[in-house]
>>> print(open('input-v7.cif').read())   # mmCIF, C-alpha atoms
data_coords
#
loop_
_atom_site.label_atom_id
_atom_site.label_comp_id
_atom_site.auth_asym_id
_atom_site.auth_seq_id
_atom_site.Cartn_x
_atom_site.Cartn_y
_atom_site.Cartn_z
CA TYR A 1 57.93 170.59 -77.35
CA GLN A 2 60.30 170.65 -74.43
CA ARG A 3 62.72 167.97 -75.59
CA ARG A 4 66.34 168.87 -76.25
CA VAL A 5 68.15 166.75 -78.83
CA ARG A 6 71.84 166.90 -79.64
CA VAL A 7 72.54 166.41 -83.35
CA HIS A 8 75.83 166.10 -85.20
CA SER A 9 74.79 166.49 -88.83
CA PHE A 10 72.16 168.10 -90.99
CA LYS A 11 70.62 164.68 -91.68
CA GLU A 12 70.16 164.06 -87.96
CA PHE A 13 68.67 167.51 -87.59
CA ARG A 14 66.27 166.95 -90.51
CA ASP A 15 65.17 163.56 -89.21
CA ALA A 16 64.59 164.94 -85.72
CA ILE A 17 62.33 167.71 -87.05
CA CYS A 18 60.54 165.94 -89.89
CA LYS A 19 60.30 162.36 -88.69
CA ARG A 20 60.40 162.49 -84.92
CA HIS A 21 58.71 165.90 -84.72
CA VAL A 22 61.21 167.32 -82.26
CA ARG A 23 60.63 171.02 -81.53
CA PRO A 24 62.70 173.54 -79.53
CA PRO A 25 61.42 174.53 -76.09
CA VAL A 26 59.25 177.64 -75.88
CA PRO A 27 60.48 180.07 -73.18
CA GLU A 28 58.27 180.02 -70.10
CA ASP A 29 57.62 183.76 -70.22
CA THR A 30 56.28 183.65 -73.78
CA LEU A 31 52.86 185.24 -74.23
CA PRO A 32 50.30 182.37 -74.01
CA SER A 33 48.56 183.31 -77.27
CA LEU A 34 51.91 183.55 -79.06
CA LYS A 35 52.99 180.19 -77.64
CA ASP A 36 49.75 178.65 -78.90
CA LEU A 37 50.29 180.12 -82.37
CA ILE A 38 53.88 178.85 -82.52
CA GLU A 39 52.84 175.34 -81.53
CA ARG A 40 50.00 175.35 -84.07
CA CYS A 41 52.50 176.28 -86.77
CA TRP A 42 54.72 173.41 -85.58
CA HIS A 43 51.97 170.80 -85.91
CA PRO A 44 53.37 167.55 -87.38
CA SER A 45 50.69 167.56 -90.07
CA PRO A 46 50.95 170.43 -92.58
CA ASP A 47 47.19 170.26 -93.14
CA SER A 48 46.60 171.05 -89.48
CA ARG A 49 48.77 174.15 -89.48
CA PRO A 50 47.03 177.57 -89.65
CA ASP A 51 46.97 179.58 -92.87
CA PHE A 52 48.36 183.09 -93.10
CA THR A 53 44.97 184.72 -92.62
CA TYR A 54 44.77 183.07 -89.21
CA ILE A 55 48.41 183.84 -88.43
CA VAL A 56 48.09 187.54 -89.22
CA ALA A 57 44.91 187.86 -87.14
CA ALA A 58 46.53 186.01 -84.23
CA LEU A 59 49.60 188.27 -84.38
CA GLU A 60 47.40 191.39 -84.35
CA HIS A 61 45.82 190.20 -81.11
CA ALA A 62 49.20 189.19 -79.68
CA ILE A 63 50.57 192.69 -80.32
CA VAL A 64 47.78 194.18 -78.19
CA GLU A 65 48.25 191.58 -75.46
CA SER A 66 51.98 192.21 -75.30
CA ALA A 67 51.47 195.99 -75.01
CA ILE A 68 48.51 196.05 -72.58
CA SER A 69 48.68 193.62 -69.67
CA ASP A 70 45.54 194.90 -67.94
CA ASN A 71 42.55 192.76 -68.91
CA LEU A 72 40.04 195.60 -69.29
CA GLY A 73 42.45 197.80 -71.22
CA CYS A 74 43.45 194.94 -73.50
CA ALA A 75 39.83 194.02 -74.24
CA PHE A 76 39.03 197.70 -74.93
CA TRP A 77 41.85 198.15 -77.44
CA LYS A 78 41.02 194.89 -79.23
CA ALA A 79 37.34 195.79 -79.46
CA VAL A 80 37.82 199.35 -80.69
CA PHE A 81 41.33 199.94 -82.04
CA LEU A 82 42.67 196.59 -83.23
CA LYS A 83 45.28 197.20 -85.99
CA LYS A 84 45.51 200.88 -85.03
CA ASP A 85 48.45 202.52 -83.26
CA PRO A 86 48.75 205.29 -82.26
CA VAL A 87 45.19 206.51 -81.75
CA PRO A 88 44.18 210.20 -81.75
CA TRP A 89 43.23 211.35 -78.26
CA SER A 90 40.05 212.82 -79.74
CA GLU A 91 39.02 209.28 -80.74
CA LEU A 92 40.28 207.42 -77.71
CA LEU A 93 38.58 209.61 -75.09
CA PRO A 94 34.95 209.06 -76.17
CA ALA A 95 35.57 205.40 -76.95
CA PHE A 96 37.17 204.78 -73.56
CA LEU A 97 34.39 206.61 -71.72
CA ARG A 98 31.69 204.60 -73.49
CA TYR A 99 33.58 201.35 -72.89
CA LEU A 100 33.45 202.23 -69.19
CA ASN A 101 29.68 202.75 -69.47
CA VAL A 102 29.61 206.53 -69.38
CA PRO A 103 26.18 207.76 -70.59
CA ASP A 104 26.25 208.89 -74.22
CA ASP A 105 24.99 212.41 -73.51
CA ALA A 106 27.62 212.95 -70.83
CA THR A 107 30.33 211.57 -73.11
CA ASP A 108 29.28 213.85 -75.94
CA ALA A 109 29.29 216.93 -73.71
CA ILE A 110 32.69 216.04 -72.26
CA CYS A 111 34.26 215.57 -75.68
CA LYS A 112 32.77 218.76 -77.13
CA ALA A 113 34.11 220.72 -74.21
CA ALA A 114 37.52 219.06 -74.52
CA SER A 115 37.67 219.97 -78.20
CA ALA A 116 36.75 223.58 -77.45
CA ALA A 117 39.41 223.72 -74.74
CA VAL A 118 42.07 222.54 -77.18
CA ALA A 119 41.02 225.30 -79.56
CA ALA A 120 41.22 227.85 -76.75
CA ALA A 121 44.67 226.70 -75.69
CA ASN A 122 46.00 227.00 -79.24
CA ALA A 123 44.12 230.06 -80.43
CA PRO A 124 46.38 232.44 -82.42
CA SER A 125 44.68 235.57 -81.07
CA SER A 126 42.94 236.67 -77.90
CA GLU A 127 39.68 237.13 -79.82
CA THR A 128 39.80 233.58 -81.15
CA ALA A 129 40.67 232.35 -77.68
CA ARG A 130 37.60 234.10 -76.24
CA ASP A 131 35.40 232.53 -78.91
CA ALA A 132 36.80 229.09 -78.17
CA ALA A 133 36.40 229.61 -74.44
CA ALA A 134 32.78 230.62 -74.98
CA ALA A 135 32.22 227.47 -77.02
CA ALA A 136 33.73 225.42 -74.22
CA ALA A 137 31.48 227.07 -71.67
CA ALA A 138 28.41 226.45 -73.84
CA ALA A 139 29.35 222.81 -74.28
CA THR A 140 29.56 222.28 -70.55
CA THR A 141 26.40 224.17 -69.56
CA ALA A 142 24.24 221.05 -69.60
CA VAL A 143 26.55 219.12 -67.34
CA ALA A 144 28.35 221.79 -65.32
CA SER A 145 28.51 221.28 -61.57
CA HIS A 146 31.08 221.52 -58.83
CA GLU A 147 31.42 217.74 -58.78
CA LEU A 148 31.86 217.47 -62.53
CA GLN A 149 34.43 220.24 -62.59
CA ALA A 150 36.39 218.28 -59.99
CA VAL A 151 36.27 215.20 -62.19
CA GLN A 152 37.91 217.20 -64.98
CA ARG A 153 41.26 216.78 -63.34
CA SER A 154 41.06 213.01 -63.66
CA ILE A 155 40.83 213.22 -67.44
CA ALA A 156 43.43 215.99 -67.57
CA CYS A 157 45.81 213.76 -65.62
CA LEU A 158 45.05 210.77 -67.85
CA ARG A 159 45.76 212.85 -70.93
CA LEU A 160 49.10 213.99 -69.55
CA LEU A 161 50.03 210.40 -68.82
CA VAL A 162 49.05 208.67 -72.06
CA CYS A 163 49.38 211.30 -74.80
CA GLU A 164 52.21 212.36 -77.05
CA VAL A 165 52.05 215.62 -78.96
CA PRO A 166 53.86 216.39 -82.25
CA GLN A 167 56.23 219.31 -82.02
CA GLN A 168 56.18 221.96 -84.71
CA GLY A 169 59.40 220.63 -86.14
CA GLY A 170 58.21 217.01 -86.03
CA GLY A 171 58.59 214.33 -83.43
CA ALA A 172 56.72 214.06 -80.16
CA SER A 173 56.97 215.94 -76.92
CA GLU A 174 56.68 213.93 -73.73
CA GLY A 175 57.53 216.68 -71.27
CA GLY A 176 54.98 219.37 -72.11
CA ALA A 177 51.27 219.51 -71.56
CA PRO A 178 49.53 217.81 -74.51
CA TRP A 179 46.64 220.18 -74.91
CA SER A 180 47.35 220.97 -78.55
CA ASP A 181 45.85 219.43 -81.66
CA GLY A 182 47.50 216.26 -82.86
CA ALA A 183 47.76 214.57 -79.46
CA THR A 184 47.91 210.80 -79.93
CA VAL A 185 47.91 207.80 -77.63
CA PRO A 186 50.48 205.06 -78.42
CA ILE A 187 49.35 201.59 -77.44
CA GLU A 188 52.52 200.99 -75.44
CA LYS A 189 52.06 204.14 -73.34
CA PHE A 190 48.37 203.41 -72.78
CA GLY A 191 49.23 199.88 -71.69
CA LYS A 192 52.03 201.00 -69.40
CA VAL A 193 49.80 203.48 -67.57
CA LEU A 194 46.87 201.09 -67.15
CA GLY A 195 49.28 198.38 -66.03
CA LEU A 196 50.38 200.60 -63.16
CA PHE A 197 46.78 200.78 -61.91
CA SER A 198 45.85 197.19 -62.76
CA PRO A 199 43.49 195.52 -62.33
CA VAL A 200 41.29 198.24 -63.80
CA ALA A 201 37.74 197.52 -62.71
CA GLY A 202 36.03 200.59 -64.12
CA ALA A 203 35.58 204.26 -63.34
CA GLN A 204 37.50 204.25 -60.12
CA VAL A 205 40.74 204.08 -62.07
CA LEU A 206 40.26 207.77 -62.91
CA ASP A 207 40.01 208.61 -59.22
CA GLU A 208 43.16 206.60 -58.56
CA ILE A 209 45.02 208.40 -61.35
CA GLN A 210 43.97 211.80 -60.01
CA GLN A 211 44.94 210.89 -56.45
CA LEU A 212 48.41 209.84 -57.57
CA CYS A 213 48.96 212.87 -59.81
CA SER A 214 47.93 215.20 -56.99
CA GLU A 215 50.92 214.09 -54.93
CA THR A 216 53.61 216.78 -55.07
CA TRP A 217 56.33 214.14 -55.25
CA PHE A 218 54.89 212.31 -58.29
CA HIS A 219 56.53 213.21 -61.62
CA GLY A 220 55.11 210.55 -63.98
CA HIS A 221 57.12 209.64 -67.08
CA VAL A 222 60.59 210.87 -66.18
CA SER A 223 63.78 209.17 -67.38
CA THR A 224 66.72 208.47 -65.07
CA PRO A 225 68.85 211.29 -66.56
CA GLU A 226 65.95 213.74 -66.25
CA ALA A 227 65.34 212.69 -62.63
CA GLN A 228 69.01 213.33 -61.88
CA THR A 229 68.78 216.75 -63.50
CA ARG A 230 65.75 217.69 -61.41
CA LEU A 231 67.44 216.55 -58.21
CA ALA A 232 70.77 218.23 -58.96
CA ASN A 233 71.75 220.88 -56.40
CA THR A 234 68.91 219.93 -54.05
CA PRO A 235 69.42 219.12 -50.37
CA ALA A 236 69.68 215.64 -48.85
CA GLY A 237 66.27 214.02 -48.48
CA CYS A 238 64.85 215.60 -51.64
CA PHE A 239 63.04 213.00 -53.73
CA LEU A 240 60.59 212.28 -56.52
CA VAL A 241 58.56 209.24 -57.55
CA ARG A 242 58.26 208.28 -61.21
CA PHE A 243 57.26 205.40 -63.44
CA SER A 244 60.08 202.91 -63.80
CA SER A 245 61.72 203.34 -67.19
CA GLN A 246 62.96 199.74 -67.21
CA GLU A 247 60.27 197.60 -65.58
CA HIS A 248 56.63 197.98 -66.59
CA GLY A 249 54.24 197.95 -63.67
CA SER A 250 56.81 199.35 -61.25
CA TYR A 251 57.80 202.74 -59.88
CA THR A 252 61.16 204.29 -59.02
CA ILE A 253 62.00 206.60 -56.15
CA SER A 254 64.86 208.92 -57.07
CA LEU A 255 66.41 210.65 -54.06
CA VAL A 256 69.35 212.60 -52.74
CA THR A 257 71.26 210.68 -50.07
CA PRO A 258 72.80 212.28 -46.94
CA ALA A 259 76.13 212.09 -48.75
CA GLY A 260 74.72 214.17 -51.62
CA ALA A 261 74.61 211.32 -54.15
CA ILE A 262 71.52 210.58 -56.24
CA ARG A 263 70.09 207.10 -55.75
CA HIS A 264 67.29 205.23 -57.50
CA GLN A 265 65.16 202.68 -55.63
CA ARG A 266 62.65 200.37 -57.33
CA VAL A 267 59.12 199.97 -55.91
CA ARG A 268 57.33 196.96 -57.35
CA HIS A 269 53.56 196.73 -57.73
CA VAL A 270 52.79 193.08 -56.95
CA ASP A 271 49.31 191.58 -56.38
CA GLY A 272 47.84 194.94 -55.42
CA ALA A 273 50.63 195.77 -52.96
CA PHE A 274 53.63 198.08 -53.29
CA VAL A 275 56.90 196.47 -52.28
CA LEU A 276 59.92 198.46 -51.12
CA GLN A 277 62.98 196.54 -49.90
CA GLY A 278 60.85 193.55 -48.92
CA HIS A 279 58.22 195.62 -47.07
CA ARG A 280 54.65 195.66 -48.44
CA TYR A 281 52.43 198.74 -48.43
CA GLU A 282 48.83 199.26 -49.51
CA SER A 283 49.52 202.33 -51.63
CA LEU A 284 52.31 204.42 -53.09
CA ARG A 285 51.44 207.15 -50.61
CA ALA A 286 51.94 204.64 -47.80
CA VAL A 287 55.37 203.80 -49.24
CA VAL A 288 56.35 207.46 -48.94
CA GLU A 289 54.67 208.20 -45.61
CA GLN A 290 55.28 204.92 -43.76
CA GLY A 291 58.41 203.68 -45.48
CA GLY A 292 60.01 207.02 -46.16
CA HIS A 293 62.26 206.73 -43.11
CA ILE A 294 64.01 203.78 -44.76
CA LEU A 295 65.29 206.05 -47.54
CA ASN A 296 65.20 209.36 -45.65
CA LEU A 297 62.48 210.87 -47.88
CA LEU A 298 62.03 214.42 -46.59
CA ILE A 299 61.39 217.01 -49.33
CA PRO A 300 59.28 216.48 -52.49
CA CYS A 301 61.22 217.63 -55.54
CA PRO A 302 59.48 220.57 -57.28
CA GLY A 303 58.71 220.57 -60.99
CA SER A 304 55.93 218.00 -61.39
CA MET A 305 53.96 218.69 -64.57
CA PHE A 306 50.73 217.73 -62.77
CA GLN A 307 50.81 220.33 -60.01
CA PRO A 308 49.35 223.23 -62.08
CA LEU A 309 46.18 221.15 -62.39
CA PHE A 310 45.77 221.28 -58.62
CA SER A 311 46.74 224.92 -58.15
CA ASP A 312 44.13 227.47 -57.09
CA ASN A 313 45.51 229.81 -59.75
CA PRO A 314 46.74 227.63 -62.60
CA HIS A 315 48.62 229.07 -65.54
CA PRO A 316 46.13 230.01 -68.32
CA ILE A 317 47.26 227.29 -70.72
CA LEU A 318 46.74 224.74 -67.97
CA GLY A 319 43.29 226.17 -67.32
CA TYR A 320 42.14 223.24 -69.46
CA GLU A 321 40.23 221.85 -66.50
CA GLU A 322 38.35 225.13 -66.11
CA LEU A 323 37.46 225.44 -69.77
CA SER A 324 36.88 221.95 -70.91
CA TRP A 325 35.41 219.69 -68.31
CA SER A 326 36.88 216.64 -70.02
CA PRO A 327 36.26 214.01 -67.33
CA ALA A 328 34.78 210.57 -67.49
CA ASP A 329 31.32 210.01 -66.08
CA LEU A 330 31.78 206.49 -64.86
CA SER A 331 29.10 205.50 -62.44
CA ALA A 332 31.45 203.10 -60.66
CA SER A 333 33.50 206.07 -59.47
CA PRO A 334 32.07 207.70 -56.31
CA LEU A 335 33.01 211.17 -57.51
CA ILE A 336 31.57 210.64 -60.99
CA HIS A 337 28.48 208.92 -59.65
CA GLN A 338 27.75 212.03 -57.61
CA ALA A 339 28.40 214.19 -60.66
CA VAL A 340 26.01 212.19 -62.85
CA GLU A 341 23.27 212.52 -60.23
CA THR A 342 23.80 216.27 -60.20
CA THR A 343 23.54 216.37 -63.98
CA GLU A 344 20.32 214.39 -64.00
CA ARG A 345 18.77 216.70 -61.39
CA ALA A 346 19.77 219.72 -63.50
CA LYS A 347 18.06 218.17 -66.54
CA LEU A 348 14.84 217.54 -64.61
CA ASN A 349 14.80 221.09 -63.30
CA SER A 350 15.17 222.48 -66.82
CA VAL A 351 12.18 220.56 -68.19
#
>>> encode(input="input-v7.cif", output="structure tokens")
Amino acid sequence: YQRRVRVHSFKEFRDAICKRHVRPPVPEDTLPSLKDLIERCWHPSPDSRPDFTYIVAALEHAIVESAISDNLGCAFWKAVFLKKDPVPWSELLPAFLRYLNVPDDATDAICKAASAAVAAANAPSSETARDAAAAAAAATTAVASHELQAVQRSIACLRLLVCEVPQQGGGASEGGAPWSDGATVPIEKFGKVLGLFSPVAGAQVLDEIQQLCSETWFHGHVSTPEAQTRLANTPAGCFLVRFSSQEHGSYTISLVTPAGAIRHQRVRHVDGAFVLQGHRYESLRAVVEQGGHILNLLIPCPGSMFQPLFSDNPHPILGYEELSWSPADLSASPLIHQAVETTERAKLNSV
């Protein structure tokens, strides 16, 4: 299908398509499954072309593949949420945990606690809030431990990264903490986040997400105008790191230059390495710490929405991690593996 034919009349065009089976070239960057579908529909024999039942099913899979580049994430969405977008966070969390082989009892306890925490965060009165907090505490009793409480932050960070929350007047809020009811996960946002940590091999992705969100300079989903607003009136060397708003799988460093101008520098995530101006680093932290002198990165910009999660005295509404214990117990994660062992020992002691 890569032949190019110059025609000068409709008859020549018709003959080229119908008799000589000439087809236009398919762009090289076309999704493989979509390319295959196109070429099947172009088959010279009408009887060999797929029917619309096949076409619709193929397009449904192609939509997922185009939104989620990570293999594990793509397979998860196809297996559980094919044809569905967005997905309620309350549905995605347990499904994602189980897909990553979290034990059912741990998943159930995590999700019950998360639900209770949402109720506590949105309670209309202090009395209702206390009741919801008590429910959250009861839900976590069977699995509570220091290790598990630490894991909470991983899920809290994931939720901040992938969720959108309807505002009271309609629409979605991307800047606030999505603890309220109605939080949903759009397939594109889910795919973008997993793509930044790809290849996802299992539980350790939650540790990686928490490690990144704990960095004071990381601001997550921040647009270029918003980054400029945050850096306005800050001294030279002030900077923040955010997801690239233009190139999936990449990051952007926004910084204040010695001349006082605001500059944006792309950091590409390629084959497991982070590339800044031709230099390769093993992590985003290494980019900042080892390559920071290239851009004069001196002062992390304040205002990251993740920092209350790592504060010793978080604001009450961000006490989600204290109330809910909504982590993932993924045995592949060192932290979660330790937490699961603690839970099992607690169960044996209670028998």
>>> resolve_selection(input="input-v7.cif", expression="the PyMOL selection byres ((chain A and resi 98) around 12)", output="list in words")
Phe76, Val80, Glu91, Leu92, Leu93, Pro94, Ala95, Phe96, Leu97, Tyr99, Leu100, Asn101, Val102, Pro103, Asp104, Asp105, Ala106, Thr107, Asp108, Ile110, Cys111, Gly202, Ala203, Ala328, Asp329, Leu330 and Ser331 of chain A
>>> atom_distance(input="input-v7.cif", atom1="CA of Arg285 in chain A", atom2="CA of Leu158 in chain A")
18.7 Å
>>> residues_near_point(input="input-v7.cif", point="(44.1, 197.7, -84.5)", cutoff="12 Å", atoms="only C-alpha atoms", output="number ranges by chain")
A: 56-65, 74-87, 186-187
>>> resolve_selection(input="input-v7.cif", expression="the PyMOL selection byres ((chain A and resi 291) around 12)", output="VMD selection string")
chain A and resid 253 267 274 to 290 292 to 298
>>> resolve_selection(input="input-v7.cif", expression="the PyMOL selection byres ((chain A and resi 44) around 12)", output="JSON, numbers by chain")
{"A": [1, 16, 17, 18, 19, 20, 21, 22, 23, 39, 40, 41, 42, 43, 45, 46, 47, 48, 49]}
>>> closest_residue(input="input-v7.cif", among="A:Gln307, A:Ser69, A:Thr252, A:Ser245", to="Cys213 in chain A", atoms="all atoms listed in the file")
A:Gln307
>>> residues_around(input="input-v7.cif", residues="range 231-238 of chain A", least_positions_apart="3", cutoff="12 Å", atoms="all atoms listed in the file", output="PyMOL selection string")
chain A and resi 216-217+219+222+224-228+241+253-264+288+292-303
>>> residues_around(input="input-v7.cif", residues="Phe190 in chain A", least_positions_apart="4", cutoff="9 Å", atoms="all atoms listed in the file", output="list in words")
Ala67, Ile68, Gly73, Leu161, Val162, Cys163, Val185, Pro186, Leu194 and Gly195 of chain A
>>> axis_aligned_box(input="input-v7.cif", around="range 278-288 of chain A", padding_each_side="8 Å", output="lines of an AutoDock Vina configuration file")
center_x = 54.8
center_y = 200.5
center_z = -50.1
size_x = 28.0
size_y = 29.9
size_z = 22.0
>>> atom_distance(input="input-v7.cif", atom1="CA of Asp271 in chain A", atom2="CA of Met305 in chain A")
28.7 Å
>>> atom_distance(input="input-v7.cif", atom1="CA of Glu215 in chain A", atom2="CA of Gln265 in chain A")
18.3 Å
>>> residues_near_point(input="input-v7.cif", point="(59.7, 178.5, -76.6)", cutoff="10 Å", atoms="only C-alpha atoms", output="list in words")
Tyr1, Gln2, Arg23, Pro24, Pro25, Val26, Pro27, Glu28, Asp29, Thr30, Leu31, Leu34, Lys35, Ile38 and Glu39 of chain A
>>> closest_residue(input="input-v7.cif", among="A:Arg230, A:Ala119, A:His8, A:Glu164", to="Glu188 in chain A", atoms="all atoms listed in the file")
A:Glu164
